[in-house]
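Take a look at the structure set out below.
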Amino acid sequence: MKATATVQVNNERVIVTEWRFTPGAETGHHVHAHDYVVVPLTSGILRLQEADGTRDARLQAGVSYARPAGVSHNVINANMHEFRFVEIELK
């Protein structure tokens, strides 16, 4: 089951995307071409499948984090509820 991505802004400086994950939904493996910031809209656990293994990340609504370009991963909703976040990619 795939997560749903809705691009809200795409201009010369940023790409802002809202991600919605039903329980068990995932992004599929991908690599980020830009540095980015994630702003969780809900709290819960996202499972990250990365090159060096799988780990669970506990996220809290409103507590943002940043990652550099080049990150390769798959993101999976490990919760029994919908999980949402806004991703801001910096061009």
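Letters A, B, ... mark the chains of the structure tokens in the order given; residue numbers begin at 1 per chain; ligand numbers begin at 1, in order shown.
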
When DSSP works through the backbone of this structure, what residues of stretch 24-89 of chain A end up as strand (DSSP E), shown as JSON, numbers by chain?
{"A": [30, 31, 35, 36, 37, 38, 39, 40, 44, 45, 46, 47, 48, 49, 50, 53, 54, 55, 56, 57, 58, 59, 65, 66, 67, 72, 73, 74, 75, 76, 77, 83, 84, 85, 86, 87, 88, 89]}

All residues 10 Å or closer to A:His34, only C-alpha atoms, same chain fewer than 3 positions away omitted, as a PyMOL selection string
chain A and resi 14-15+31+37+67-71+88-91

Would you write out those residues with N, CA, C and O atoms, as a PDB file, in the first residue's frame?
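Okay, selection.pdb is ready:
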ATOM      1  N   VAL A  14      11.776  25.868  -3.088  1.00  0.00           N
ATOM      2  CA  VAL A  14      11.345  24.756  -2.231  1.00  0.00           C
ATOM      3  C   VAL A  14      10.316  23.866  -2.928  1.00  0.00           C
ATOM      4  O   VAL A  14       9.659  24.286  -3.883  1.00  0.00           O
ATOM      5  N   ILE A  15      10.212  22.647  -2.392  1.00  0.00           N
ATOM      6  CA  ILE A  15       9.100  21.754  -2.717  1.00  0.00           C
ATOM      7  C   ILE A  15       8.477  21.382  -1.371  1.00  0.00           C
ATOM      8  O   ILE A  15       9.172  20.860  -0.491  1.00  0.00           O
ATOM      9  N   VAL A  31      15.530   8.161  -2.994  1.00  0.00           N
ATOM     10  CA  VAL A  31      16.689   8.948  -2.589  1.00  0.00           C
ATOM     11  C   VAL A  31      16.322  10.420  -2.710  1.00  0.00           C
ATOM     12  O   VAL A  31      15.793  10.852  -3.739  1.00  0.00           O
ATOM     13  N   VAL A  37      13.404  19.131   5.405  1.00  0.00           N
ATOM     14  CA  VAL A  37      12.890  19.219   6.768  1.00  0.00           C
ATOM     15  C   VAL A  37      11.559  18.503   6.792  1.00  0.00           C
ATOM     16  O   VAL A  37      10.745  18.657   5.869  1.00  0.00           O
ATOM     17  N   ARG A  67      17.261  16.486   7.397  1.00  0.00           N
ATOM     18  CA  ARG A  67      18.200  15.476   6.876  1.00  0.00           C
ATOM     19  C   ARG A  67      18.826  16.012   5.591  1.00  0.00           C
ATOM     20  O   ARG A  67      18.224  16.808   4.875  1.00  0.00           O
ATOM     21  N   PRO A  68      20.031  15.546   5.281  1.00  0.00           N
ATOM     22  CA  PRO A  68      20.719  16.027   4.076  1.00  0.00           C
ATOM     23  C   PRO A  68      20.265  15.288   2.817  1.00  0.00           C
ATOM     24  O   PRO A  68      19.687  14.200   2.887  1.00  0.00           O
ATOM     25  N   ALA A  69      20.578  15.865   1.676  1.00  0.00           N
ATOM     26  CA  ALA A  69      20.345  15.211   0.382  1.00  0.00           C
ATOM     27  C   ALA A  69      21.116  13.899   0.340  1.00  0.00           C
ATOM     28  O   ALA A  69      22.106  13.722   1.047  1.00  0.00           O
ATOM     29  N   GLY A  70      20.642  12.974  -0.502  1.00  0.00           N
ATOM     30  CA  GLY A  70      21.334  11.714  -0.693  1.00  0.00           C
ATOM     31  C   GLY A  70      20.842  10.587   0.185  1.00  0.00           C
ATOM     32  O   GLY A  70      21.282   9.451   0.044  1.00  0.00           O
ATOM     33  N   VAL A  71      19.919  10.878   1.093  1.00  0.00           N
ATOM     34  CA  VAL A  71      19.388   9.847   1.978  1.00  0.00           C
ATOM     35  C   VAL A  71      18.540   8.873   1.161  1.00  0.00           C
ATOM     36  O   VAL A  71      17.638   9.275   0.439  1.00  0.00           O
ATOM     37  N   ILE A  88       9.571  19.499   3.537  1.00  0.00           N
ATOM     38  CA  ILE A  88      10.000  20.731   2.869  1.00  0.00           C
ATOM     39  C   ILE A  88      11.394  20.490   2.308  1.00  0.00           C
ATOM     40  O   ILE A  88      12.363  20.366   3.076  1.00  0.00           O
ATOM     41  N   GLU A  89      11.489  20.371   0.984  1.00  0.00           N
ATOM     42  CA  GLU A  89      12.778  20.160   0.328  1.00  0.00           C
ATOM     43  C   GLU A  89      13.342  21.507  -0.094  1.00  0.00           C
ATOM     44  O   GLU A  89      12.657  22.328  -0.695  1.00  0.00           O
ATOM     45  N   LEU A  90      14.618  21.728   0.198  1.00  0.00           N
ATOM     46  CA  LEU A  90      15.289  23.000  -0.094  1.00  0.00           C
ATOM     47  C   LEU A  90      16.100  22.848  -1.377  1.00  0.00           C
ATOM     48  O   LEU A  90      17.031  22.053  -1.424  1.00  0.00           O
ATOM     49  N   LYS A  91      15.730  23.594  -2.403  1.00  0.00           N
ATOM     50  CA  LYS A  91      16.429  23.491  -3.695  1.00  0.00           C
ATOM     51  C   LYS A  91      17.705  24.293  -3.692  1.00  0.00           C
ATOM     52  O   LYS A  91      17.870  25.243  -2.991  1.00  0.00           O
TER      53      LYS A  91
END

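Residue nearest A:Glu18 within the list A:His32, A:Leu41, A:Asn77, A:Gln49: A:Leu41 [criterion: smallest interatomic distance, only C-alpha atoms].
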
Judged by only C-alpha atoms, the minimum distance to A:Ala57 among A:Ala78, A:Arg20, A:His30, A:Ala3 is found for A:Ala78
